[in-house]
Structure formats: structure tokens, C-alpha cells
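A.B. asks: Dropping the structure in here first, questions after.
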Amino acid sequence: MAGLRWLRVHGLAQARAARAAWPAHAGPLPLVGPQGAAETLGPGWPRAMRDGLIPQPGEDTPPGRACSVLLAVDCGAAVGFALAVLDDWAETDTEAVSLVVALADSVPEVARAAVSDRAEARRVAVVDAGVLRILDVEPEASPVMMVEQARALASTQKR
């Protein structure tokens with residue numbers, strides 16, 4: 001994950017637009033939520049995004065566009081929020097969306113270990129927030145802009 005660039009999304013419409021444009025050959029679509037998402041939108045935000053991104057029966061996916069999503073939530077030094085996000089992230093049968101919890105470098109090792117233990121039980125990755133190289137977009141970015149950003153990001157992604 002260290003070489004990935006992440007696309008910041010501020011809501012489900014932006015995430016769906018990026019997913020629709022992401023070529024399957026580019027690997028999983030790396031999305032990261034808005035800054036402070038766990039604190040401002042609540043620990044249920046990642047689950048709500050996952051549930052909205054899971055392909056529904058009968059949903060048309062253009063050829064070559066089916067992809068999985070890596071969804072990162074940057075919890076910073078807020079260990080309590082990271083734990084709440086993990087508690088809310090119920091396991092599903094789908095591998096369409098995988099969660100990544102990012103923690104600040106300043107999080108003490110004992111707290112990081114507690115988050116990592118809980119994350120492992122839920123098949124969630126934990127990374128240092130500093131490794132998230134993010135392509136920022138405005139909260140008001142249209143679906144058309146998200147399509148353009150996703151295509152640009154896919155063309156530069158190193159896997």
C-alpha cells in the first residue's frame with residue numbers, strides 16, 4: 001500500500017463516479033474519506049460507504065470496469081474513533097470493499113497494538129497515516145470531475 005496514491009472522496013456520489021471510471025486492470029480503487037471523517041461523520045461512515053459501493057443485483061458494470069475498493073479512513077491520533085470504526089465494520093460476504101484504518105505516527109505503540117488486534121479480527125488493514133499519498137478534490141467536485149480524477153490517478157498508479 002505504500003506505493004499507492006489515494007483519491008479523496010467526500011461522499012457516496014463521488015465514490016461511485018470514481019468506481020465507474022476505474023479500470024479493473026489498475027487493481028483496487030484506493031479511496032480515502034474526508035479529513036476528520038471519523039470525528040465529523042461518525043464511526044459508521046466507512047460502513048455506510050461500503051454498503052453503498054457494494055454492487056447491487058442487476059447493477060450494470062461496464063466491461064473492464066469491475067473493481068474492488070480500498071477505503072481508508074484517517075483516524076489520526078483518535079484511537080477511540082479507530083476502535084469505534086472497527087466495531088461498526090461488520091464482516092460481510094463481499095470482498096468488493098476493504099477497509100484501511102490510518103493512524104498518526106504519534107499513536108503510542110500499546111494503543112496501536114490494540115487497534116491492530118481488533119482490525120486483524122475483522123480483516124482490516126492498519127497503516128501509518130503518513131503513507132497515504134492523497135489526491136485531494138473539493139467536497140463539491142462533480143461526478144464528471146471524479147471520473148476525470150479517477151482516470152488520471154489510474155494512469156499513474158504503481159502496483
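If you're wondering about the labels, chains in the C-alpha cells are A, B, ... by order shown, residues count from 1 in each chain, ligands from 1 in order shown.
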Among chain A, which residues carry a DSSP assignment of alpha helix (DSSP H), reported as number ranges by chain?
C.D. replies: A: 12-21, 37-40, 45-53, 79-88, 109-121, 143-156
A.B. asks: For Leu53 (chain A), find every residue with an atom within 12 Å (counting only C-alpha atoms), except residues of its own chain fewer than 4 positions away, and show them as a ChimeraX atom specification.
C.D. replies: /A:11-20,29,31,46-49,59,66-71,94-98
A.B. asks: For N, CA and C atoms, I'd like the residues from the last selection saved as a PDB file, in the first residue's frame.
C.D. replies:
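What ended up in selection-v6.pdb:
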```pdb
ATOM      1  N   GLY A  11     -18.174  11.800  -0.382  1.00  0.00           N
ATOM      2  CA  GLY A  11     -19.491  11.198  -0.282  1.00  0.00           C
ATOM      3  C   GLY A  11     -19.654  10.066  -1.272  1.00  0.00           C
ATOM      4  N   LEU A  12     -20.806   9.426  -1.188  1.00  0.00           N
ATOM      5  CA  LEU A  12     -21.076   8.245  -1.993  1.00  0.00           C
ATOM      6  C   LEU A  12     -21.140   8.544  -3.483  1.00  0.00           C
ATOM      7  N   ALA A  13     -21.706   9.674  -3.878  1.00  0.00           N
ATOM      8  CA  ALA A  13     -21.797  10.001  -5.308  1.00  0.00           C
ATOM      9  C   ALA A  13     -20.404  10.111  -5.926  1.00  0.00           C
ATOM     10  N   GLN A  14     -19.483  10.748  -5.216  1.00  0.00           N
ATOM     11  CA  GLN A  14     -18.114  10.856  -5.727  1.00  0.00           C
ATOM     12  C   GLN A  14     -17.450   9.483  -5.804  1.00  0.00           C
ATOM     13  N   ALA A  15     -17.651   8.670  -4.792  1.00  0.00           N
ATOM     14  CA  ALA A  15     -17.041   7.335  -4.771  1.00  0.00           C
ATOM     15  C   ALA A  15     -17.590   6.465  -5.896  1.00  0.00           C
ATOM     16  N   ARG A  16     -18.891   6.526  -6.123  1.00  0.00           N
ATOM     17  CA  ARG A  16     -19.484   5.736  -7.207  1.00  0.00           C
ATOM     18  C   ARG A  16     -18.985   6.201  -8.575  1.00  0.00           C
ATOM     19  N   ALA A  17     -18.845   7.500  -8.746  1.00  0.00           N
ATOM     20  CA  ALA A  17     -18.345   8.017 -10.022  1.00  0.00           C
ATOM     21  C   ALA A  17     -16.911   7.548 -10.262  1.00  0.00           C
ATOM     22  N   ALA A  18     -16.087   7.594  -9.227  1.00  0.00           N
ATOM     23  CA  ALA A  18     -14.703   7.133  -9.364  1.00  0.00           C
ATOM     24  C   ALA A  18     -14.660   5.645  -9.670  1.00  0.00           C
ATOM     25  N   ARG A  19     -15.491   4.866  -8.987  1.00  0.00           N
ATOM     26  CA  ARG A  19     -15.530   3.413  -9.230  1.00  0.00           C
ATOM     27  C   ARG A  19     -15.964   3.101 -10.656  1.00  0.00           C
ATOM     28  N   ALA A  20     -16.933   3.853 -11.178  1.00  0.00           N
ATOM     29  CA  ALA A  20     -17.426   3.618 -12.539  1.00  0.00           C
ATOM     30  C   ALA A  20     -16.339   3.870 -13.579  1.00  0.00           C
ATOM     31  N   LEU A  29      -9.445   0.164  -6.374  1.00  0.00           N
ATOM     32  CA  LEU A  29      -9.570   1.628  -6.362  1.00  0.00           C
ATOM     33  C   LEU A  29      -9.288   2.121  -4.949  1.00  0.00           C
ATOM     34  N   LEU A  31      -9.572   4.678  -2.225  1.00  0.00           N
ATOM     35  CA  LEU A  31     -10.312   5.865  -1.821  1.00  0.00           C
ATOM     36  C   LEU A  31     -10.013   6.174  -0.363  1.00  0.00           C
ATOM     37  N   PRO A  46     -17.591   4.725   7.269  1.00  0.00           N
ATOM     38  CA  PRO A  46     -16.998   3.734   6.358  1.00  0.00           C
ATOM     39  C   PRO A  46     -17.974   2.608   5.993  1.00  0.00           C
ATOM     40  N   ARG A  47     -18.743   2.122   6.975  1.00  0.00           N
ATOM     41  CA  ARG A  47     -19.713   1.060   6.685  1.00  0.00           C
ATOM     42  C   ARG A  47     -20.791   1.544   5.730  1.00  0.00           C
ATOM     43  N   ALA A  48     -21.264   2.761   5.929  1.00  0.00           N
ATOM     44  CA  ALA A  48     -22.285   3.308   5.029  1.00  0.00           C
ATOM     45  C   ALA A  48     -21.731   3.438   3.606  1.00  0.00           C
ATOM     46  N   MET A  49     -20.465   3.851   3.496  1.00  0.00           N
ATOM     47  CA  MET A  49     -19.838   3.937   2.169  1.00  0.00           C
ATOM     48  C   MET A  49     -19.726   2.543   1.559  1.00  0.00           C
ATOM     49  N   GLU A  59     -27.161  -4.372 -11.216  1.00  0.00           N
ATOM     50  CA  GLU A  59     -26.409  -3.152 -11.493  1.00  0.00           C
ATOM     51  C   GLU A  59     -25.469  -3.403 -12.668  1.00  0.00           C
ATOM     52  N   ALA A  66     -15.197  -3.466 -13.604  1.00  0.00           N
ATOM     53  CA  ALA A  66     -15.477  -4.071 -12.304  1.00  0.00           C
ATOM     54  C   ALA A  66     -14.204  -4.045 -11.462  1.00  0.00           C
ATOM     55  N   CYS A  67     -14.293  -3.494 -10.276  1.00  0.00           N
ATOM     56  CA  CYS A  67     -13.103  -3.421  -9.429  1.00  0.00           C
ATOM     57  C   CYS A  67     -13.497  -3.477  -7.969  1.00  0.00           C
ATOM     58  N   SER A  68     -12.520  -3.844  -7.169  1.00  0.00           N
ATOM     59  CA  SER A  68     -12.718  -3.764  -5.727  1.00  0.00           C
ATOM     60  C   SER A  68     -12.230  -2.392  -5.266  1.00  0.00           C
ATOM     61  N   VAL A  69     -12.588  -2.049  -4.043  1.00  0.00           N
ATOM     62  CA  VAL A  69     -12.261  -0.735  -3.486  1.00  0.00           C
ATOM     63  C   VAL A  69     -11.515  -0.915  -2.176  1.00  0.00           C
ATOM     64  N   LEU A  70     -10.452  -0.151  -2.007  1.00  0.00           N
ATOM     65  CA  LEU A  70      -9.793   0.003  -0.710  1.00  0.00           C
ATOM     66  C   LEU A  70     -10.298   1.328  -0.159  1.00  0.00           C
ATOM     67  N   LEU A  71     -10.933   1.305   0.988  1.00  0.00           N
ATOM     68  CA  LEU A  71     -11.489   2.518   1.586  1.00  0.00           C
ATOM     69  C   LEU A  71     -10.728   2.834   2.863  1.00  0.00           C
ATOM     70  N   THR A  94     -18.823  -9.959   1.037  1.00  0.00           N
ATOM     71  CA  THR A  94     -18.234  -9.323  -0.131  1.00  0.00           C
ATOM     72  C   THR A  94     -16.776  -8.960   0.089  1.00  0.00           C
ATOM     73  N   GLU A  95     -16.032  -9.037  -0.984  1.00  0.00           N
ATOM     74  CA  GLU A  95     -14.663  -8.530  -0.979  1.00  0.00           C
ATOM     75  C   GLU A  95     -14.597  -7.283  -1.840  1.00  0.00           C
ATOM     76  N   ALA A  96     -15.775  -6.722  -2.157  1.00  0.00           N
ATOM     77  CA  ALA A  96     -15.846  -5.555  -3.029  1.00  0.00           C
ATOM     78  C   ALA A  96     -15.222  -4.321  -2.390  1.00  0.00           C
ATOM     79  N   VAL A  97     -15.310  -4.215  -1.057  1.00  0.00           N
ATOM     80  CA  VAL A  97     -14.762  -3.058  -0.353  1.00  0.00           C
ATOM     81  C   VAL A  97     -13.986  -3.545   0.865  1.00  0.00           C
ATOM     82  N   SER A  98     -12.731  -3.125   0.944  1.00  0.00           N
ATOM     83  CA  SER A  98     -11.883  -3.459   2.092  1.00  0.00           C
ATOM     84  C   SER A  98     -11.536  -2.179   2.837  1.00  0.00           C
TER      85      SER A  98
END
```
A.B. asks: Between A:Ala121, A:Ala114, A:Ala37, A:Ala129, which is the closest to Trp89 (chain A) once you count only C-alpha atoms?
C.D. replies: A:Ala121
A.B. asks: When you look at Gly130 (chain A) with a cut-off of 9 Å (counting only C-alpha atoms), what residues show up, excluding the ones that are within fewer than 2 positions of it in the same chain? I need them as a count of residues only.
C.D. replies: 8
A.B. asks: Using DSSP secondary structure from the backbone, list all strand (DSSP E or B) positions within chain A, as number ranges by chain.
C.D. replies: A: 5-8, 29-32, 69-76, 97-103, 125-128, 133-135
A.B. asks: Selected residues, N, CA and C atoms, written as a PDB file, in the first residue's frame, please.
C.D. replies:
```pdb
ATOM      1  N   ARG A   5      -1.393   5.801  -4.572  1.00  0.00           N
ATOM      2  CA  ARG A   5      -1.935   7.152  -4.395  1.00  0.00           C
ATOM      3  C   ARG A   5      -3.421   6.962  -4.179  1.00  0.00           C
ATOM      4  N   TRP A   6      -3.980   7.732  -3.267  1.00  0.00           N
ATOM      5  CA  TRP A   6      -5.365   7.605  -2.846  1.00  0.00           C
ATOM      6  C   TRP A   6      -6.165   8.794  -3.342  1.00  0.00           C
ATOM      7  N   LEU A   7      -7.398   8.546  -3.717  1.00  0.00           N
ATOM      8  CA  LEU A   7      -8.307   9.595  -4.179  1.00  0.00           C
ATOM      9  C   LEU A   7      -9.250   9.941  -3.038  1.00  0.00           C
ATOM     10  N   ARG A   8      -9.251  11.224  -2.651  1.00  0.00           N
ATOM     11  CA  ARG A   8     -10.137  11.641  -1.565  1.00  0.00           C
ATOM     12  C   ARG A   8     -11.558  11.783  -2.098  1.00  0.00           C
ATOM     13  N   LEU A  29      -9.445   0.164  -6.374  1.00  0.00           N
ATOM     14  CA  LEU A  29      -9.570   1.628  -6.362  1.00  0.00           C
ATOM     15  C   LEU A  29      -9.288   2.121  -4.949  1.00  0.00           C
ATOM     16  N   PRO A  30      -8.208   2.907  -4.753  1.00  0.00           N
ATOM     17  CA  PRO A  30      -7.889   3.391  -3.412  1.00  0.00           C
ATOM     18  C   PRO A  30      -8.591   4.721  -3.114  1.00  0.00           C
ATOM     19  N   LEU A  31      -9.572   4.678  -2.225  1.00  0.00           N
ATOM     20  CA  LEU A  31     -10.312   5.865  -1.821  1.00  0.00           C
ATOM     21  C   LEU A  31     -10.013   6.174  -0.363  1.00  0.00           C
ATOM     22  N   VAL A  32      -9.974   7.459  -0.045  1.00  0.00           N
ATOM     23  CA  VAL A  32      -9.820   7.888   1.347  1.00  0.00           C
ATOM     24  C   VAL A  32     -10.913   8.904   1.625  1.00  0.00           C
ATOM     25  N   VAL A  69     -12.588  -2.049  -4.043  1.00  0.00           N
ATOM     26  CA  VAL A  69     -12.261  -0.735  -3.486  1.00  0.00           C
ATOM     27  C   VAL A  69     -11.515  -0.915  -2.176  1.00  0.00           C
ATOM     28  N   LEU A  70     -10.452  -0.151  -2.007  1.00  0.00           N
ATOM     29  CA  LEU A  70      -9.793   0.003  -0.710  1.00  0.00           C
ATOM     30  C   LEU A  70     -10.298   1.328  -0.159  1.00  0.00           C
ATOM     31  N   LEU A  71     -10.933   1.305   0.988  1.00  0.00           N
ATOM     32  CA  LEU A  71     -11.489   2.518   1.586  1.00  0.00           C
ATOM     33  C   LEU A  71     -10.728   2.834   2.863  1.00  0.00           C
ATOM     34  N   ALA A  72      -9.971   3.931   2.841  1.00  0.00           N
ATOM     35  CA  ALA A  72      -9.184   4.327   4.005  1.00  0.00           C
ATOM     36  C   ALA A  72      -9.915   5.405   4.792  1.00  0.00           C
ATOM     37  N   VAL A  73      -9.850   5.279   6.093  1.00  0.00           N
ATOM     38  CA  VAL A  73     -10.356   6.331   6.978  1.00  0.00           C
ATOM     39  C   VAL A  73      -9.185   6.737   7.863  1.00  0.00           C
ATOM     40  N   ASP A  74      -8.843   8.020   7.795  1.00  0.00           N
ATOM     41  CA  ASP A  74      -7.718   8.551   8.562  1.00  0.00           C
ATOM     42  C   ASP A  74      -8.238   8.967   9.927  1.00  0.00           C
ATOM     43  N   CYS A  75      -7.874   8.200  10.933  1.00  0.00           N
ATOM     44  CA  CYS A  75      -8.325   8.471  12.302  1.00  0.00           C
ATOM     45  C   CYS A  75      -7.332   9.338  13.064  1.00  0.00           C
ATOM     46  N   GLY A  76      -6.204   9.669  12.430  1.00  0.00           N
ATOM     47  CA  GLY A  76      -5.206  10.492  13.108  1.00  0.00           C
ATOM     48  C   GLY A  76      -4.777   9.847  14.407  1.00  0.00           C
ATOM     49  N   VAL A  97     -15.310  -4.215  -1.057  1.00  0.00           N
ATOM     50  CA  VAL A  97     -14.762  -3.058  -0.353  1.00  0.00           C
ATOM     51  C   VAL A  97     -13.986  -3.545   0.865  1.00  0.00           C
ATOM     52  N   SER A  98     -12.731  -3.125   0.944  1.00  0.00           N
ATOM     53  CA  SER A  98     -11.883  -3.459   2.092  1.00  0.00           C
ATOM     54  C   SER A  98     -11.536  -2.179   2.837  1.00  0.00           C
ATOM     55  N   LEU A  99     -11.550  -2.248   4.155  1.00  0.00           N
ATOM     56  CA  LEU A  99     -11.265  -1.084   4.984  1.00  0.00           C
ATOM     57  C   LEU A  99      -9.792  -1.014   5.341  1.00  0.00           C
ATOM     58  N   VAL A 100      -9.288   0.213   5.374  1.00  0.00           N
ATOM     59  CA  VAL A 100      -7.933   0.510   5.818  1.00  0.00           C
ATOM     60  C   VAL A 100      -8.053   1.623   6.861  1.00  0.00           C
ATOM     61  N   VAL A 101      -7.554   1.390   8.055  1.00  0.00           N
ATOM     62  CA  VAL A 101      -7.558   2.395   9.114  1.00  0.00           C
ATOM     63  C   VAL A 101      -6.169   3.000   9.189  1.00  0.00           C
ATOM     64  N   ALA A 102      -6.101   4.319   9.081  1.00  0.00           N
ATOM     65  CA  ALA A 102      -4.819   5.025   9.148  1.00  0.00           C
ATOM     66  C   ALA A 102      -4.702   5.735  10.489  1.00  0.00           C
ATOM     67  N   LEU A 103      -3.577   5.540  11.144  1.00  0.00           N
ATOM     68  CA  LEU A 103      -3.310   6.167  12.440  1.00  0.00           C
ATOM     69  C   LEU A 103      -2.083   7.066  12.344  1.00  0.00           C
ATOM     70  N   ALA A 125      -6.911  -3.624   7.409  1.00  0.00           N
ATOM     71  CA  ALA A 125      -5.507  -3.215   7.462  1.00  0.00           C
ATOM     72  C   ALA A 125      -5.364  -1.948   8.300  1.00  0.00           C
ATOM     73  N   VAL A 126      -4.239  -1.830   8.985  1.00  0.00           N
ATOM     74  CA  VAL A 126      -3.902  -0.618   9.737  1.00  0.00           C
ATOM     75  C   VAL A 126      -2.578  -0.104   9.182  1.00  0.00           C
ATOM     76  N   VAL A 127      -2.543   1.173   8.834  1.00  0.00           N
ATOM     77  CA  VAL A 127      -1.341   1.782   8.264  1.00  0.00           C
ATOM     78  C   VAL A 127      -1.048   3.091   8.983  1.00  0.00           C
ATOM     79  N   ASP A 128       0.169   3.579   8.796  1.00  0.00           N
ATOM     80  CA  ASP A 128       0.518   4.915   9.275  1.00  0.00           C
ATOM     81  C   ASP A 128      -0.108   5.932   8.331  1.00  0.00           C
ATOM     82  N   ARG A 133      -0.626   8.861   0.338  1.00  0.00           N
ATOM     83  CA  ARG A 133      -0.374   9.938  -0.631  1.00  0.00           C
ATOM     84  C   ARG A 133      -1.711  10.218  -1.304  1.00  0.00           C
ATOM     85  N   ILE A 134      -2.276  11.392  -1.035  1.00  0.00           N
ATOM     86  CA  ILE A 134      -3.670  11.660  -1.379  1.00  0.00           C
ATOM     87  C   ILE A 134      -3.788  12.693  -2.483  1.00  0.00           C
ATOM     88  N   LEU A 135      -4.646  12.356  -3.453  1.00  0.00           N
ATOM     89  CA  LEU A 135      -5.060  13.307  -4.474  1.00  0.00           C
ATOM     90  C   LEU A 135      -6.343  13.942  -3.956  1.00  0.00           C
TER      91      LEU A 135
END
```
A.B. asks: When you draw a straight line from CA of Asp88 (chain A) to CA of Pro139 (chain A), how long is it in Å?
C.D. replies: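 So the answer is 24.5 Å.
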A.B. asks: Rank nothing, just name the residue among A:Ala78, A:Leu86, A:Ala21, A:Ala26 nearest to Arg123 (chain A), using only C-alpha atoms.
C.D. replies: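 Checking each candidate against Arg123 (chain A), we get A:Leu86 as the closest.
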A.B. asks: Figure out the distance between CA of Phe81 (chain A) and CA of Glu39 (chain A), please, to one decimal in Å.
C.D. replies: 6.9 Å
A.B. asks: Nearest to Arg118 (chain A): which of A:Leu83, A:Ala152, A:Met145, A:Ala77 is it, counting only C-alpha atoms?
C.D. replies: A:Leu83
A.B. asks: Which residue out of A:Ala90, A:Val124, A:Ala82, A:Ala24 has the minimum interatomic distance to Val107 (chain A) when only C-alpha atoms are used?
C.D. replies: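 Closest to Val107 (chain A) of all the choices is A:Ala82.
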A.B. asks: Could you work out how far CA of Arg50 (chain A) lies from CA of Asp87 (chain A), giving the answer in Å with one decimal?
C.D. replies: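 That distance, rounded to one decimal, is 14.5 Å.
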